[in-house]
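The next block holds one structure in the form of structure tokens; read it before the comments.
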Amino acid sequence: MADLESVAWPPAPIRTGRLVLRGAEAGDRGTFIELLASPEVHTYLGGPRSREELERDVSAVPEDWPGSFVVDLDGAMIGQVLLRRSTAHRCPAAVGKVDLGYLFLPRAWGAGYAAEACTAALGWLAGELPAEPVVLTTQSANAASMRLAARLGFTEVERFEAWGAEQWLGMRPAATSSGSQDARLAGTGL
């Protein structure tokens, strides 16, 4: 099982029909702080962090590590897609698997950007580490995230209680020869 640190990073920007997925840059710092401080973004993620704490703690080039994609629309960051190895998890079925996460600014919600960006990131992962299954955890009360998980091909493994709420763990099998379909779907906005 390869770790994400073994992949060349950052990759060439990944272009979809509307978006660009790229590595983080210093100019993204303000948007990262906005994402992490947003009560709306963190409704199902345990609550936002304070701006003061984030201004102090967020590095000049935030989230600059393999698997952390900035989602760019028309030259501006609107979100982040994360792929990282789950080294510890409340569910043993997730340990050691690549975990998909995403955060988008509220103004970018409802336009299909999360599906487009996640599809592109999963397509990239299938090209880099084709034998990797992927897990996704979301609060079961987060209806939009549950719909996105289904749309991306995740199926329920189990539900568990954490942070005072029911959580849903889904898994998407390792890419097969149809893994290249992810790249085609990313450009469609589906």
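To be explicit about the labels: the chains of the structure tokens are called A, B, and onward in the order shown, and within each one the residues are counted from 1, while ligands get numbers from 1 in the order they are shown.
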
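All residues of segment 22-85 of chain A that DSSP, run on the backbone, classes as strand (DSSP E) are Arg22, Ser68, Phe69, Val70, Val71, Asp72, Leu73, Ala76, Met77, Ile78, Gly79, Gln80, Val81, Leu82, Leu83, Arg84 and Arg85 of chain A.
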
Using only C-alpha atoms, which residues of segment 84-190 of chain A come within 12 Å of segment 37-50 of chain A, and what is the closest atom pair for each, with the distance in Å to one decimal? Give it as JSON lines, sorted by chain and residue number.
```
{"residue": "A:Gly101", "atom": "CA", "partner": "A:Leu45", "partner_atom": "CA", "distance": 11.1}
{"residue": "A:Tyr102", "atom": "CA", "partner": "A:Val41", "partner_atom": "CA", "distance": 10.1}
{"residue": "A:Leu103", "atom": "CA", "partner": "A:Val41", "partner_atom": "CA", "distance": 6.9}
{"residue": "A:Phe104", "atom": "CA", "partner": "A:Val41", "partner_atom": "CA", "distance": 7.1}
{"residue": "A:Leu105", "atom": "CA", "partner": "A:Val41", "partner_atom": "CA", "distance": 6.8}
{"residue": "A:Pro106", "atom": "CA", "partner": "A:Val41", "partner_atom": "CA", "distance": 6.7}
{"residue": "A:Arg107", "atom": "CA", "partner": "A:Glu40", "partner_atom": "CA", "distance": 10.5}
{"residue": "A:Ala108", "atom": "CA", "partner": "A:Val41", "partner_atom": "CA", "distance": 10.9}
{"residue": "A:Trp109", "atom": "CA", "partner": "A:Val41", "partner_atom": "CA", "distance": 10.0}
{"residue": "A:Thr137", "atom": "CA", "partner": "A:Leu45", "partner_atom": "CA", "distance": 10.5}
{"residue": "A:Thr138", "atom": "CA", "partner": "A:Tyr44", "partner_atom": "CA", "distance": 7.8}
{"residue": "A:Gln139", "atom": "CA", "partner": "A:Tyr44", "partner_atom": "CA", "distance": 6.1}
{"residue": "A:Ser140", "atom": "CA", "partner": "A:Tyr44", "partner_atom": "CA", "distance": 9.1}
{"residue": "A:Ala141", "atom": "CA", "partner": "A:Tyr44", "partner_atom": "CA", "distance": 7.9}
{"residue": "A:Asn142", "atom": "CA", "partner": "A:Tyr44", "partner_atom": "CA", "distance": 6.7}
{"residue": "A:Ala143", "atom": "CA", "partner": "A:Tyr44", "partner_atom": "CA", "distance": 10.4}
{"residue": "A:Ala144", "atom": "CA", "partner": "A:Tyr44", "partner_atom": "CA", "distance": 11.0}
{"residue": "A:Ser145", "atom": "CA", "partner": "A:Tyr44", "partner_atom": "CA", "distance": 9.8}
{"residue": "A:Met146", "atom": "CA", "partner": "A:Tyr44", "partner_atom": "CA", "distance": 11.8}
{"residue": "A:Ala162", "atom": "CA", "partner": "A:Gly46", "partner_atom": "CA", "distance": 9.8}
{"residue": "A:Trp163", "atom": "CA", "partner": "A:Gly46", "partner_atom": "CA", "distance": 6.8}
{"residue": "A:Gly164", "atom": "CA", "partner": "A:Gly46", "partner_atom": "CA", "distance": 9.0}
{"residue": "A:Ala165", "atom": "CA", "partner": "A:Tyr44", "partner_atom": "CA", "distance": 8.8}
{"residue": "A:Glu166", "atom": "CA", "partner": "A:Tyr44", "partner_atom": "CA", "distance": 10.3}
{"residue": "A:Gln167", "atom": "CA", "partner": "A:Tyr44", "partner_atom": "CA", "distance": 9.6}
{"residue": "A:Trp168", "atom": "CA", "partner": "A:Tyr44", "partner_atom": "CA", "distance": 11.8}
```

Resulting file, chosen residues, N, CA and C atoms, as a compact mmCIF listing (two decimals), in the first residue's frame:
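For reference, out14.txt as written:
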```
# COMPACT_ATOMS: atom_id res chain seq x y z
N GLY A 101 -12.01 13.98 1.50
CA GLY A 101 -12.69 15.06 2.21
C GLY A 101 -12.80 16.26 1.30
N TYR A 102 -13.69 17.18 1.63
CA TYR A 102 -13.89 18.37 0.80
C TYR A 102 -14.53 19.46 1.62
N LEU A 103 -14.17 20.69 1.29
CA LEU A 103 -14.75 21.88 1.89
C LEU A 103 -14.96 22.89 0.77
N PHE A 104 -16.14 23.50 0.73
CA PHE A 104 -16.42 24.52 -0.28
C PHE A 104 -17.06 25.73 0.39
N LEU A 105 -16.73 26.90 -0.10
CA LEU A 105 -17.35 28.12 0.40
C LEU A 105 -18.86 28.06 0.14
N PRO A 106 -19.68 28.56 1.04
CA PRO A 106 -21.13 28.51 0.84
C PRO A 106 -21.59 29.11 -0.49
N ARG A 107 -20.92 30.14 -0.97
CA ARG A 107 -21.33 30.75 -2.25
C ARG A 107 -21.12 29.80 -3.43
N ALA A 108 -20.37 28.71 -3.24
CA ALA A 108 -20.12 27.74 -4.31
C ALA A 108 -21.03 26.51 -4.20
N TRP A 109 -21.89 26.47 -3.19
CA TRP A 109 -22.76 25.31 -2.99
C TRP A 109 -23.87 25.27 -4.04
N THR A 137 -16.17 9.82 5.12
CA THR A 137 -16.99 9.91 6.33
C THR A 137 -17.74 11.22 6.31
N THR A 138 -19.03 11.16 6.60
CA THR A 138 -19.82 12.37 6.71
C THR A 138 -20.89 12.15 7.78
N GLN A 139 -21.39 13.23 8.31
CA GLN A 139 -22.49 13.12 9.26
C GLN A 139 -23.74 12.71 8.48
N SER A 140 -24.45 11.71 8.96
CA SER A 140 -25.61 11.22 8.22
C SER A 140 -26.70 12.29 8.07
N ALA A 141 -26.70 13.30 8.93
CA ALA A 141 -27.66 14.39 8.81
C ALA A 141 -27.32 15.36 7.68
N ASN A 142 -26.12 15.26 7.13
CA ASN A 142 -25.70 16.16 6.06
C ASN A 142 -26.20 15.59 4.73
N ALA A 143 -27.42 15.93 4.38
CA ALA A 143 -28.08 15.37 3.20
C ALA A 143 -27.31 15.64 1.91
N ALA A 144 -26.75 16.83 1.75
CA ALA A 144 -26.00 17.14 0.53
C ALA A 144 -24.77 16.28 0.41
N SER A 145 -24.08 16.07 1.50
CA SER A 145 -22.87 15.24 1.48
C SER A 145 -23.23 13.77 1.25
N MET A 146 -24.33 13.34 1.79
CA MET A 146 -24.78 11.95 1.56
C MET A 146 -25.12 11.75 0.08
N ALA A 162 -20.08 9.81 16.74
CA ALA A 162 -18.89 10.61 17.04
C ALA A 162 -19.28 12.08 17.08
N TRP A 163 -18.62 12.83 17.92
CA TRP A 163 -18.86 14.26 18.04
C TRP A 163 -20.34 14.58 18.28
N GLY A 164 -21.01 13.70 19.00
CA GLY A 164 -22.40 13.92 19.37
C GLY A 164 -23.41 13.71 18.26
N ALA A 165 -23.02 13.02 17.18
CA ALA A 165 -23.94 12.82 16.06
C ALA A 165 -23.61 11.52 15.33
N GLU A 166 -24.61 11.01 14.61
CA GLU A 166 -24.38 9.81 13.81
C GLU A 166 -23.53 10.14 12.60
N GLN A 167 -22.50 9.35 12.37
CA GLN A 167 -21.60 9.50 11.24
C GLN A 167 -21.81 8.33 10.28
N TRP A 168 -21.55 8.57 9.02
CA TRP A 168 -21.70 7.57 7.96
C TRP A 168 -20.34 7.33 7.34
```

I want to know what sits within 8 Å of Ser86 of chain A, based on only C-alpha atoms, with residues of the same chain fewer than 6 positions away left out; could you give that as a PyMOL selection string? chain A and resi 94-99

For Gln80 of chain A, find every residue with an atom within 9 Å (counting only C-alpha atoms), except residues of its own chain fewer than 2 positions away, and show them as a VMD selection string. chain A and resid 21 32 35 68 to 72 77 to 78 82 101 to 104 114 117
